[in-house]
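Just my_file.pdb here, PDB, C-alpha atoms (C1' of nucleotides):
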```
ATOM      1  CA  MET A 117       6.437 -24.543   3.680
ATOM      2  CA  THR A 118       6.877 -20.820   3.274
ATOM      3  CA  VAL A 119       6.333 -17.922   5.630
ATOM      4  CA  LYS A 120       6.181 -14.266   4.776
ATOM      5  CA  PHE A 121       8.111 -12.400   7.413
ATOM      6  CA  ASN A 122       7.606  -8.843   8.496
ATOM      7  CA  ASN A 123      10.428  -6.642   9.690
ATOM      8  CA  ARG A 124       8.735  -5.712  12.900
ATOM      9  CA  ASP A 125       8.628  -8.883  14.934
ATOM     10  CA  PRO A 126      11.545 -11.201  15.686
ATOM     11  CA  VAL A 127      11.809 -14.023  13.206
ATOM     12  CA  TYR A 128      11.682 -16.725  15.824
ATOM     13  CA  VAL A 129       8.447 -15.263  17.155
ATOM     14  CA  GLN A 130       6.953 -15.320  13.696
ATOM     15  CA  VAL A 131       8.031 -18.897  13.243
ATOM     16  CA  ILE A 132       6.265 -19.879  16.455
ATOM     17  CA  ARG A 133       3.227 -17.957  15.331
ATOM     18  CA  HIS A 134       3.260 -19.816  12.045
ATOM     19  CA  PHE A 135       3.323 -23.190  13.755
ATOM     20  CA  LYS A 136       0.510 -22.174  16.057
ATOM     21  CA  GLU A 137      -1.578 -21.166  13.087
ATOM     22  CA  GLN A 138      -0.897 -24.479  11.410
ATOM     23  CA  ILE A 139      -1.888 -26.254  14.602
ATOM     24  CA  ALA A 140      -5.004 -24.135  14.927
ATOM     25  CA  LYS A 141      -6.012 -25.103  11.430
ATOM     26  CA  GLY A 142      -5.591 -28.758  12.273
ATOM     27  CA  TYR A 143      -2.738 -29.119   9.875
ATOM     28  CA  PHE A 144      -0.756 -31.367  12.206
ATOM     29  CA  GLU A 145      -1.620 -34.755  13.618
ATOM     30  CA  PRO A 146      -0.814 -35.343  17.290
ATOM     31  CA  GLY A 147       2.704 -36.773  17.496
ATOM     32  CA  GLN A 148       3.519 -35.849  13.920
ATOM     33  CA  GLU A 149       7.152 -35.276  13.084
ATOM     34  CA  ILE A 150       8.216 -31.770  12.136
ATOM     35  CA  PRO A 151      11.228 -30.675  10.102
ATOM     36  CA  SER A 152      14.582 -30.668  11.840
ATOM     37  CA  ARG A 153      16.040 -27.304  12.874
ATOM     38  CA  ARG A 154      18.457 -27.304   9.984
ATOM     39  CA  GLU A 155      15.876 -28.350   7.444
ATOM     40  CA  LEU A 156      13.405 -25.739   8.589
ATOM     41  CA  ALA A 157      16.179 -23.161   8.416
ATOM     42  CA  ASN A 158      16.829 -24.140   4.824
ATOM     43  CA  GLN A 159      13.178 -24.019   3.870
ATOM     44  CA  LEU A 160      12.552 -20.636   5.447
ATOM     45  CA  LYS A 161      15.939 -19.187   4.538
ATOM     46  CA  ILE A 162      16.728 -18.397   8.131
ATOM     47  CA  ASN A 163      19.606 -19.208  10.444
ATOM     48  CA  PRO A 164      19.540 -22.651  12.111
ATOM     49  CA  ASN A 165      19.895 -20.973  15.488
ATOM     50  CA  THR A 166      16.789 -18.946  14.861
ATOM     51  CA  ALA A 167      14.930 -22.149  14.103
ATOM     52  CA  GLN A 168      16.442 -23.671  17.209
ATOM     53  CA  ARG A 169      15.217 -20.813  19.323
ATOM     54  CA  ALA A 170      11.714 -21.154  17.955
ATOM     55  CA  TYR A 171      11.684 -24.895  18.615
ATOM     56  CA  LYS A 172      13.119 -24.410  22.059
ATOM     57  CA  GLU A 173      10.310 -22.093  23.064
ATOM     58  CA  MET A 174       7.701 -24.312  21.511
ATOM     59  CA  GLY A 175       9.136 -27.158  23.549
ATOM     60  CA  GLU A 176       8.888 -25.124  26.727
ATOM     61  CA  GLN A 177       5.293 -24.291  25.871
ATOM     62  CA  GLY A 178       4.478 -27.943  25.424
ATOM     63  CA  LEU A 179       3.617 -27.595  21.770
ATOM     64  CA  ILE A 180       6.339 -29.966  20.635
ATOM     65  CA  PHE A 181       8.546 -32.547  22.316
ATOM     66  CA  THR A 182      11.926 -34.071  21.642
ATOM     67  CA  GLU A 183      13.244 -37.444  22.782
ATOM     68  CA  GLY A 184      16.985 -37.860  22.633
ATOM     69  CA  ASN A 185      18.268 -37.039  19.194
ATOM     70  CA  MET A 186      15.069 -37.998  17.503
ATOM     71  CA  PRO A 187      13.298 -35.471  15.298
ATOM     72  CA  SER A 188      10.978 -33.226  17.267
ATOM     73  CA  CYS A 189       7.287 -33.961  17.125
ATOM     74  CA  ILE A 190       4.023 -32.161  17.667
ATOM     75  CA  THR A 191       2.636 -32.886  21.105
ATOM     76  CA  LYS A 192       0.268 -35.826  21.476
ATOM     77  CA  ASP A 193      -1.815 -33.921  23.987
ATOM     78  CA  GLU A 194      -4.909 -33.069  22.009
ATOM     79  CA  ALA A 195      -6.138 -30.731  24.707
ATOM     80  CA  VAL A 196      -3.072 -28.586  24.139
ATOM     81  CA  LEU A 197      -3.602 -28.599  20.401
ATOM     82  CA  LYS A 198      -7.182 -27.556  20.840
ATOM     83  CA  SER A 199      -6.319 -24.767  23.241
ATOM     84  CA  VAL A 200      -3.911 -23.260  20.722
ATOM     85  CA  ARG A 201      -6.784 -22.429  18.419
ATOM     86  CA  GLU A 202      -8.822 -20.932  21.210
ATOM     87  CA  GLU A 203      -5.928 -18.863  22.429
ATOM     88  CA  LEU A 204      -5.283 -17.409  19.006
ATOM     89  CA  ILE A 205      -8.919 -16.517  18.644
ATOM     90  CA  ILE A 206      -9.114 -14.909  22.059
ATOM     91  CA  GLU A 207      -5.902 -13.061  21.332
ATOM     92  CA  ALA A 208      -7.287 -11.643  18.092
ATOM     93  CA  VAL A 209     -10.579 -10.663  19.682
ATOM     94  CA  ASP A 210      -8.960  -8.989  22.672
ATOM     95  CA  LEU A 211      -6.528  -7.067  20.524
ATOM     96  CA  PHE A 212      -9.351  -5.934  18.289
ATOM     97  CA  LEU A 213     -11.518  -4.827  21.171
ATOM     98  CA  SER A 214      -8.730  -2.919  22.884
ATOM     99  CA  SER A 215      -7.882  -1.169  19.635
ATOM    100  CA  ILE A 216     -11.449  -0.137  19.107
ATOM    101  CA  LYS A 217     -11.769   0.916  22.686
ATOM    102  CA  SER A 218      -8.733   3.182  22.485
ATOM    103  CA  ILE A 219     -10.337   5.093  19.636
ATOM    104  CA  ASP A 220     -13.826   5.255  21.117
ATOM    105  CA  VAL A 221     -15.579   3.738  18.155
ATOM    106  CA  PRO A 222     -19.058   2.308  18.602
ATOM    107  CA  LEU A 223     -18.961  -1.448  18.226
ATOM    108  CA  SER A 224     -21.863  -1.532  15.816
ATOM    109  CA  GLU A 225     -20.013   0.779  13.465
ATOM    110  CA  VAL A 226     -16.902  -1.363  13.186
ATOM    111  CA  LEU A 227     -18.832  -4.593  13.047
ATOM    112  CA  GLU A 228     -20.500  -3.340   9.907
ATOM    113  CA  LEU A 229     -17.096  -2.531   8.491
ATOM    114  CA  VAL A 230     -15.787  -5.951   9.436
ATOM    115  CA  LYS A 231     -18.638  -7.716   7.681
ATOM    116  CA  LYS A 232     -18.324  -5.484   4.661
ATOM    117  CA  LYS A 233     -14.605  -6.024   4.292
ATOM    118  CA  HIS A 234     -14.912  -9.720   4.915
ATOM    119  CA  ASP A 235     -17.519 -10.102   2.222
ATOM    120  CA  ALA A 236     -15.378  -8.056  -0.131
ATOM    121  CA  GLU A 237     -12.433 -10.351   0.449
ATOM    122  CA  SER A 238     -14.556 -13.405  -0.131
ATOM    123  CA  GLY A 239     -15.679 -11.833  -3.348
ATOM    124  CA  GLU A 240     -12.117 -11.354  -4.504
ATOM    125  CA  ALA A 241     -11.261 -14.927  -3.665
ATOM    126  CA  GLU A 242     -14.256 -16.018  -5.675
ATOM    127  CA  GLU A 243     -13.197 -13.984  -8.696
ATOM    128  CA  SER A 244      -9.648 -15.300  -8.655
ATOM    129  CA  LYS A 245     -10.854 -18.837  -9.192
TER     130      LYS A 245
ATOM    131  CA  MET B 165      -0.956  12.901  30.360
ATOM    132  CA  THR B 166       0.229   9.385  31.009
ATOM    133  CA  VAL B 167       0.949   6.500  28.689
ATOM    134  CA  LYS B 168       1.440   2.889  29.634
ATOM    135  CA  PHE B 169       4.326   1.572  27.607
ATOM    136  CA  ASN B 170       4.894  -1.979  26.559
ATOM    137  CA  ASN B 171       8.335  -3.462  26.143
ATOM    138  CA  ARG B 172       7.711  -4.680  22.640
ATOM    139  CA  ASP B 173       7.393  -1.561  20.527
ATOM    140  CA  PRO B 174       9.815   1.361  20.431
ATOM    141  CA  VAL B 175       8.811   4.132  22.813
ATOM    142  CA  TYR B 176       8.691   6.783  20.128
ATOM    143  CA  VAL B 177       6.283   4.626  18.124
ATOM    144  CA  GLN B 178       4.036   4.252  21.138
ATOM    145  CA  VAL B 179       4.108   7.988  21.707
ATOM    146  CA  ILE B 180       2.984   8.586  18.138
ATOM    147  CA  ARG B 181       0.280   5.973  18.554
ATOM    148  CA  HIS B 182      -0.897   7.704  21.701
ATOM    149  CA  PHE B 183      -1.228  11.042  19.943
ATOM    150  CA  LYS B 184      -3.097   9.451  17.076
ATOM    151  CA  GLU B 185      -5.547   7.906  19.486
ATOM    152  CA  GLN B 186      -6.085  11.240  21.159
ATOM    153  CA  ILE B 187      -6.669  12.816  17.768
ATOM    154  CA  ALA B 188      -9.039  10.035  16.768
ATOM    155  CA  LYS B 189     -11.054  10.648  19.906
ATOM    156  CA  GLY B 190     -11.316  14.321  19.056
ATOM    157  CA  TYR B 191      -9.314  15.281  22.072
ATOM    158  CA  PHE B 192      -7.400  17.963  20.205
ATOM    159  CA  GLU B 193      -8.679  21.073  18.520
ATOM    160  CA  PRO B 194      -7.189  21.923  15.127
ATOM    161  CA  GLY B 195      -4.166  24.135  15.716
ATOM    162  CA  GLN B 196      -4.042  23.349  19.416
ATOM    163  CA  GLU B 197      -0.683  23.653  21.117
ATOM    164  CA  ILE B 198       0.949  20.504  22.409
ATOM    165  CA  PRO B 199       3.589  20.111  25.121
ATOM    166  CA  SER B 200       7.155  20.972  24.215
ATOM    167  CA  ARG B 201       9.581  18.096  23.652
ATOM    168  CA  ARG B 202      11.208  18.645  26.992
ATOM    169  CA  GLU B 203       7.940  18.940  28.837
ATOM    170  CA  LEU B 204       6.522  15.809  27.260
ATOM    171  CA  ALA B 205       9.714  13.977  28.153
ATOM    172  CA  ASN B 206       9.234  15.026  31.758
ATOM    173  CA  GLN B 207       5.606  13.981  31.842
ATOM    174  CA  LEU B 208       6.190  10.590  30.278
ATOM    175  CA  LYS B 209       9.510   9.974  32.014
ATOM    176  CA  ILE B 210      11.301   9.464  28.748
ATOM    177  CA  ASN B 211      14.364  10.987  27.181
ATOM    178  CA  PRO B 212      13.880  14.351  25.430
ATOM    179  CA  ASN B 213      15.476  12.897  22.308
ATOM    180  CA  THR B 214      12.868  10.168  22.213
ATOM    181  CA  ALA B 215      10.139  12.794  22.426
ATOM    182  CA  GLN B 216      11.905  14.734  19.690
ATOM    183  CA  ARG B 217      11.935  11.695  17.457
ATOM    184  CA  ALA B 218       8.224  11.153  17.948
ATOM    185  CA  TYR B 219       7.442  14.793  17.183
ATOM    186  CA  LYS B 220       9.708  14.764  14.186
ATOM    187  CA  GLU B 221       7.859  11.862  12.628
ATOM    188  CA  MET B 222       4.498  13.364  13.447
ATOM    189  CA  GLY B 223       5.642  16.522  11.720
ATOM    190  CA  GLU B 224       6.663  14.555   8.633
ATOM    191  CA  GLN B 225       3.274  12.861   8.647
ATOM    192  CA  GLY B 226       1.517  16.195   8.756
ATOM    193  CA  LEU B 227      -0.079  15.568  12.123
ATOM    194  CA  ILE B 228       1.621  18.496  13.779
ATOM    195  CA  PHE B 229       3.438  21.576  12.564
ATOM    196  CA  THR B 230       6.042  23.910  13.952
ATOM    197  CA  GLU B 231       6.649  27.506  13.003
ATOM    198  CA  GLY B 232      10.004  28.907  13.943
ATOM    199  CA  ASN B 233      10.644  28.376  17.608
ATOM    200  CA  MET B 234       7.004  28.399  18.555
ATOM    201  CA  PRO B 235       5.544  25.429  20.406
ATOM    202  CA  SER B 236       4.397  22.707  18.032
ATOM    203  CA  CYS B 237       0.705  22.505  17.256
ATOM    204  CA  ILE B 238      -1.790  19.982  16.029
ATOM    205  CA  THR B 239      -2.447  20.461  12.323
ATOM    206  CA  LYS B 240      -5.289  22.775  11.309
ATOM    207  CA  ASP B 241      -6.192  20.506   8.415
ATOM    208  CA  GLU B 242      -9.365  18.885   9.619
ATOM    209  CA  ALA B 243      -9.305  16.400   6.771
ATOM    210  CA  VAL B 244      -6.048  15.036   8.149
ATOM    211  CA  LEU B 245      -7.462  14.828  11.640
ATOM    212  CA  LYS B 246     -10.488  12.998  10.375
ATOM    213  CA  SER B 247      -8.430  10.562   8.359
ATOM    214  CA  VAL B 248      -6.421   9.597  11.429
ATOM    215  CA  ARG B 249      -9.502   8.106  12.984
ATOM    216  CA  GLU B 250     -10.417   6.268   9.836
ATOM    217  CA  GLU B 251      -6.920   4.918   9.403
ATOM    218  CA  LEU B 252      -6.824   3.566  12.927
ATOM    219  CA  ILE B 253     -10.170   1.891  12.436
ATOM    220  CA  ILE B 254      -9.190   0.373   9.119
ATOM    221  CA  GLU B 255      -5.935  -0.752  10.652
ATOM    222  CA  ALA B 256      -7.706  -2.515  13.482
ATOM    223  CA  VAL B 257     -10.244  -4.129  11.197
ATOM    224  CA  ASP B 258      -7.658  -5.341   8.716
ATOM    225  CA  LEU B 259      -5.460  -6.758  11.435
ATOM    226  CA  PHE B 260      -8.424  -8.518  12.948
ATOM    227  CA  LEU B 261      -9.552  -9.981   9.661
ATOM    228  CA  SER B 262      -6.094 -11.196   8.711
ATOM    229  CA  SER B 263      -5.690 -12.807  12.120
ATOM    230  CA  ILE B 264      -8.974 -14.607  11.794
ATOM    231  CA  LYS B 265      -8.196 -15.623   8.274
ATOM    232  CA  SER B 266      -4.883 -17.173   9.247
ATOM    233  CA  ILE B 267      -6.664 -19.463  11.685
ATOM    234  CA  ASP B 268      -9.574 -20.338   9.416
ATOM    235  CA  VAL B 269     -12.264 -19.302  11.826
ATOM    236  CA  PRO B 270     -15.760 -18.629  10.517
ATOM    237  CA  LEU B 271     -16.573 -14.948  10.817
ATOM    238  CA  SER B 272     -19.906 -15.546  12.468
ATOM    239  CA  GLU B 273     -18.208 -17.498  15.244
ATOM    240  CA  VAL B 274     -15.799 -14.719  16.202
ATOM    241  CA  LEU B 275     -18.360 -11.975  15.797
ATOM    242  CA  GLU B 276     -20.419 -13.657  18.468
ATOM    243  CA  LEU B 277     -17.368 -13.749  20.690
ATOM    244  CA  VAL B 278     -16.630 -10.098  19.993
ATOM    245  CA  LYS B 279     -20.119  -9.028  20.968
ATOM    246  CA  LYS B 280     -20.073 -11.222  24.028
ATOM    247  CA  LYS B 281     -16.748  -9.904  25.265
ATOM    248  CA  HIS B 282     -17.677  -6.349  24.472
ATOM    249  CA  ASP B 283     -20.871  -6.583  26.461
ATOM    250  CA  ALA B 284     -18.973  -8.191  29.315
ATOM    251  CA  GLU B 285     -16.521  -5.302  29.383
ATOM    252  CA  SER B 286     -19.304  -2.778  29.334
ATOM    253  CA  GLY B 287     -20.838  -4.627  32.227
ATOM    254  CA  GLU B 288     -17.618  -4.380  34.195
ATOM    255  CA  ALA B 289     -17.347  -0.682  33.478
ATOM    256  CA  GLU B 290     -20.889  -0.290  34.692
ATOM    257  CA  GLU B 291     -20.187  -2.097  37.916
ATOM    258  CA  SER B 292     -17.089  -0.051  38.683
ATOM    259  CA  LYS B 293     -19.057   3.177  38.736
TER     260      LYS B 293
ATOM    261  C1'  DC C  51      20.105  42.876  28.768
ATOM    262  C1'  DA C  52      19.909  38.364  30.815
ATOM    263  C1'  DA C  53      17.570  34.256  31.730
ATOM    264  C1'  DA C  54      14.655  30.730  30.408
ATOM    265  C1'  DC C  55      12.105  28.743  27.251
ATOM    266  C1'  DT C  56      11.191  27.092  22.429
ATOM    267  C1'  DG C  57      12.851  23.758  18.262
ATOM    268  C1'  DT C  58      16.654  21.447  16.072
ATOM    269  C1'  DA C  59      20.957  18.952  15.273
ATOM    270  C1'  DT C  60      25.090  16.148  16.130
ATOM    271  C1'  DT C  61      27.788  12.695  18.229
ATOM    272  C1'  DA C  62      28.597   8.971  21.222
ATOM    273  C1'  DA C  63      27.681   5.406  24.391
ATOM    274  C1'  DG C  64      24.983   1.800  26.239
ATOM    275  C1'  DT C  65      21.621  -1.843  26.147
ATOM    276  C1'  DG C  66      18.862  -5.704  24.699
ATOM    277  C1'  DC C  67      17.553  -8.657  21.265
ATOM    278  C1'  DT C  68      18.483 -11.126  17.098
ATOM    279  C1'  DT C  69      21.290 -13.424  14.295
ATOM    280  C1'  DA C  70      25.495 -15.808  13.094
ATOM    281  C1'  DA C  71      29.391 -19.002  13.413
ATOM    282  C1'  DT C  72      31.004 -23.026  15.618
ATOM    283  C1'  DA C  73      31.533 -26.889  18.301
ATOM    284  C1'  DC C  74      30.056 -31.088  20.700
ATOM    285  C1'  DA C  75      27.564 -35.475  21.875
ATOM    286  C1'  DC C  76      24.604 -38.883  20.337
ATOM    287  C1'  DG C  77      22.390 -42.265  17.246
ATOM    288  C1'  DA C  78      21.186 -44.252  12.851
ATOM    289  C1'  DA C  79      22.663 -45.845   8.537
ATOM    290  C1'  DA C  80      25.778 -46.871   4.730
TER     291       DA C  80
ATOM    292  C1'  DT D  23      33.772 -47.631  11.289
ATOM    293  C1'  DT D  24      32.729 -43.740   9.006
ATOM    294  C1'  DT D  25      29.421 -40.669   7.627
ATOM    295  C1'  DC D  26      25.471 -38.159   8.093
ATOM    296  C1'  DG D  27      21.765 -36.040  10.494
ATOM    297  C1'  DT D  28      19.698 -35.372  14.906
ATOM    298  C1'  DG D  29      19.443 -31.878  19.176
ATOM    299  C1'  DT D  30      22.052 -28.762  22.095
ATOM    300  C1'  DA D  31      25.282 -25.244  23.850
ATOM    301  C1'  DT D  32      28.572 -21.408  23.702
ATOM    302  C1'  DT D  33      30.383 -17.300  22.062
ATOM    303  C1'  DA D  34      30.635 -13.449  19.079
ATOM    304  C1'  DA D  35      28.827 -10.175  15.934
ATOM    305  C1'  DG D  36      25.288  -7.036  14.243
ATOM    306  C1'  DC D  37      21.515  -3.985  14.643
ATOM    307  C1'  DA D  38      17.841  -0.889  16.299
ATOM    308  C1'  DC D  39      16.428   1.714  19.848
ATOM    309  C1'  DT D  40      17.272   4.495  23.762
ATOM    310  C1'  DT D  41      19.738   7.490  26.309
ATOM    311  C1'  DA D  42      23.048  10.935  27.034
ATOM    312  C1'  DA D  43      25.676  15.104  26.601
ATOM    313  C1'  DT D  44      26.023  19.099  24.150
ATOM    314  C1'  DA D  45      25.472  22.796  21.004
ATOM    315  C1'  DC D  46      23.107  26.513  18.491
ATOM    316  C1'  DA D  47      19.485  29.867  16.933
ATOM    317  C1'  DG D  48      15.575  32.184  18.027
ATOM    318  C1'  DT D  49      11.737  34.087  21.128
ATOM    319  C1'  DT D  50       9.671  35.249  25.192
ATOM    320  C1'  DT D  51       9.907  36.822  29.800
ATOM    321  C1'  DG D  52      11.746  38.786  33.982
TER     322       DG D  52
END
```

Represent the structure contained in this file as structure tokens.
Amino acid sequence: MTVKFNNRDPVYVQVIRHFKEQIAKGYFEPGQEIPSRRELANQLKINPNTAQRAYKEMGEQGLIFTEGNMPSCITKDEAVLKSVREELIIEAVDLFLSSIKSIDVPLSEVLELVKKKHDAESGEAEESK
Amino acid sequence: MTVKFNNRDPVYVQVIRHFKEQIAKGYFEPGQEIPSRRELANQLKINPNTAQRAYKEMGEQGLIFTEGNMPSCITKDEAVLKSVREELIIEAVDLFLSSIKSIDVPLSEVLELVKKKHDAESGEAEESK
DNA sequence: CAAACTGTATTAAGTGCTTAATACACGAAA
DNA sequence: TTTCGTGTATTAAGCACTTAATACAGTTTG
């Protein structure tokens, strides 16, 4: 498990984001154990408290749960897991639309650019095989 | 001139972003005067030093220029003005694509959502007339 | 000339968020 | 029992940004 951090957003926020992306991609099974705070901190080279903060928020959001001193686990509520993906998608779409809107760019124009760039990236991935 | 600030990004960054959006929309003429630091600070209810910092960076980026003690002006270099728009568009597209990529969502699926949401927003704008 | 406006610079304080350093209670396992 | 690994809580330190209070040089305006 590795995460590339940017210097702009708080680390704990990026950690949460990372877990949400993993969830969205179906990487976790419902109820699956996740690394302990200290272990995650070691893996990501961050402070245990930062990991703790990320886990704490994820717990409050219902993404993970913790019973006693047992290792924390991904929620068993599949509806929650499913909604994570949808939320991330909606988030991306809304952000994109508001950005475009604030520059007054015709949608058709950027959609062409999106397709073009996407195909270009796919091409690169293909070449690197 | 009003700007709605969020609590996440530094104010001076948001001010710069605001000017770039105005430039991208063709709101400014090349060489056009812009408000003084103190006046902008008054309008936006921010500290003059924060306005100064925003202007300073915009000057370093070539977006505005200042001669002597004259009021600062938008650059006369139309190529720069044009590139601002393109940069903002590319920025939005790249961010969108990377977001989508990190969730493993098929492009066609989100493009449908983008169009749908965009049309819905246009509809709302139409109704509010 | 004097006043008021430009831009610019320096220094300091305050504020909020992030990170860090510890400590504690609990349970499982050697 | 002792050790180790859980989660949790508290407190302090660090850092970036914002704000603040001035100061200075120059230009325009009354």

**OP:** Can you work out the spacing between atom CA of Val257 of chain B and atom CA of His234 of chain A in Å, to one decimal?
**Re:** 9.6 Å

Original post:
Interatomic distance between atom CA of Gln148 of chain A and atom CA of Ile180 of chain A?
Top reply: 9.4 Å

Hey, could you make a per-residue contact list for segment 157-202 of chain A against segment 126-143 of chain A with 7 Å as the cut-off, showing the nearest pair of atoms and its distance in Å to one decimal, counting all atoms listed in the file, sorted by chain and number, as JSON lines?
```
{"residue": "A:Thr166", "atom": "CA", "partner": "A:Tyr128", "partner_atom": "CA", "distance": 5.7}
{"residue": "A:Ala167", "atom": "CA", "partner": "A:Tyr128", "partner_atom": "CA", "distance": 6.6}
{"residue": "A:Arg169", "atom": "CA", "partner": "A:Tyr128", "partner_atom": "CA", "distance": 6.4}
{"residue": "A:Ala170", "atom": "CA", "partner": "A:Tyr128", "partner_atom": "CA", "distance": 4.9}
{"residue": "A:Met174", "atom": "CA", "partner": "A:Ile132", "partner_atom": "CA", "distance": 6.9}
{"residue": "A:Leu197", "atom": "CA", "partner": "A:Ile139", "partner_atom": "CA", "distance": 6.5}
{"residue": "A:Val200", "atom": "CA", "partner": "A:Ala140", "partner_atom": "CA", "distance": 6.0}
{"residue": "A:Arg201", "atom": "CA", "partner": "A:Ala140", "partner_atom": "CA", "distance": 4.3}
```

**OP:** Determine, counting all atoms listed in the file, which protein, DNA and RNA residues have an atom within 8 Å of an atom of Pro194 of chain B; residues of the same chain fewer than 4 positions away are not included. Present the result as a PyMOL selection string.
**Re:** chain B and resi 238-242+245

**OP:** Compare D:DG52, D:DA43, D:DT28, D:DG36 by their minimum atom-to-atom distance to chain A, counting all atoms listed in the file, and give me the closest one.
**Re:** D:DT28

Original post:
What is the atom CA of Ala205 of chain B to atom C1' of DC55 of chain C distance in Å?
Top reply: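 About the pair atom CA of Ala205 of chain B and atom C1' of DC55 of chain C: they are 15.0 Å apart.
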
Subject >> Among listed residues B:Ser200, B:Ser286, B:Pro270, B:Phe260, nearest chain A (using all atoms listed in the file) >> reply: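 Using all atoms listed in the file, the shortest distance to chain A belongs to B:Phe260.
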
**OP:** Compile the residues of chain B that lie within 10 Å of chain A, evaluated using all atoms listed in the file, and express the compilation as a count of residues only.
**Re:** 42

Selection result for the PyMOL selection byres ((chain D) within 7 of (chain B)) on this file, as an mmCIF file with C-alpha atoms (C1' of nucleotides), in the frame of the given file:
```cif
data_model
loop_
_atom_site.group_PDB
_atom_site.id
_atom_site.type_symbol
_atom_site.label_atom_id
_atom_site.label_comp_id
_atom_site.auth_asym_id
_atom_site.auth_seq_id
_atom_site.Cartn_x
_atom_site.Cartn_y
_atom_site.Cartn_z
ATOM 1 C "C1'" DC D 39 16.428 1.714 19.848
ATOM 2 C "C1'" DT D 41 19.738 7.490 26.309
ATOM 3 C "C1'" DG D 48 15.575 32.184 18.027
ATOM 4 C "C1'" DT D 49 11.737 34.087 21.128
#
```

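For the file shown, the residue list from the PyMOL selection byres ((chain C) within 10 of (chain A)) reads DC67, DT68, DT69, DA70, DA71, DA75, DC76, DG77 and DA78 of chain C.
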
Write out as a compact mmCIF listing (two decimals) with C-alpha atoms (C1' of nucleotides), keeping the file's coordinate frame the residues lying within 12 Å of DT51 of chain D, counting all atoms listed in the file and excluding same-chain residues fewer than 6 positions away.
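After the write, out22.txt holds the following:
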```
# COMPACT_ATOMS: atom_id res chain seq x y z
C1' DC C 51 20.10 42.88 28.77
C1' DA C 52 19.91 38.36 30.82
C1' DA C 53 17.57 34.26 31.73
C1' DA C 54 14.66 30.73 30.41
C1' DC C 55 12.10 28.74 27.25
```

For a quick check of your reading of the model, name the residues lying within 10 Å of the coordinate (14.1, 21.7, 17.2), counting all atoms listed in the file, and write them as a tab-separated table (two decimals) with C-alpha atoms (C1' of nucleotides), keeping the file's coordinate frame.
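In the end it all went to part_10.tsv:
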```
chain	number	residue	atom	x	y	z
B	200	SER	CA	7.16	20.97	24.22
B	201	ARG	CA	9.58	18.10	23.65
B	216	GLN	CA	11.90	14.73	19.69
B	219	TYR	CA	7.44	14.79	17.18
B	220	LYS	CA	9.71	14.76	14.19
B	230	THR	CA	6.04	23.91	13.95
B	232	GLY	CA	10.00	28.91	13.94
B	233	ASN	CA	10.64	28.38	17.61
B	234	MET	CA	7.00	28.40	18.56
B	235	PRO	CA	5.54	25.43	20.41
B	236	SER	CA	4.40	22.71	18.03
C	56	DT	C1'	11.19	27.09	22.43
C	57	DG	C1'	12.85	23.76	18.26
C	58	DT	C1'	16.65	21.45	16.07
C	59	DA	C1'	20.96	18.95	15.27
D	47	DA	C1'	19.48	29.87	16.93
```

Original post:
Near DT72 of chain C, counting all atoms listed in the file, which residues have an atom at most 10 Å away, once you skip same-chain residues fewer than 2 positions from it, shown as an MDAnalysis selection string?
Top reply: (chainID C and resid 70 74) or (chainID D and resid 32:33)

Centre, x/y/z edge lengths, axis-aligned box for segment 23-35 of chain D with 5 Å per side, as JSON:
```
{"center_x": 26.6, "center_y": -28.9, "center_z": 15.7, "size_x": 24.3, "size_y": 47.5, "size_z": 26.2}
```

Save segment 51-75 of chain C from what I just supplied, as a compact mmCIF listing (two decimals), in the first residue's frame, atoms limited to C-alpha atoms (C1' of nucleotides).
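The result, stored in out-v6.txt:
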```txt
# COMPACT_ATOMS: atom_id res chain seq x y z
C1' DC C 51 2.70 73.16 -1.23
C1' DA C 52 -0.17 69.81 1.04
C1' DA C 53 -3.12 66.01 0.90
C1' DA C 54 -4.39 61.78 -0.87
C1' DC C 55 -3.60 58.32 -3.66
C1' DT C 56 -0.52 54.82 -5.91
C1' DG C 57 2.96 50.51 -5.15
C1' DT C 58 6.18 48.27 -2.11
C1' DA C 59 8.47 46.49 2.01
C1' DT C 60 9.24 45.02 6.80
C1' DT C 61 8.08 43.18 11.14
C1' DA C 62 5.15 41.09 14.39
C1' DA C 63 1.22 38.90 16.21
C1' DG C 64 -2.56 35.84 16.00
C1' DT C 65 -5.10 31.89 14.41
C1' DG C 66 -6.27 27.34 12.83
C1' DC C 67 -4.84 23.11 11.29
C1' DT C 68 -1.54 19.46 11.14
C1' DT C 69 1.67 16.82 13.09
C1' DA C 70 4.26 14.96 16.91
C1' DA C 71 5.26 12.90 21.41
C1' DT C 72 3.32 10.38 25.09
C1' DA C 73 0.46 7.99 28.02
C1' DC C 74 -3.28 4.83 29.26
C1' DA C 75 -6.59 0.85 29.20
```
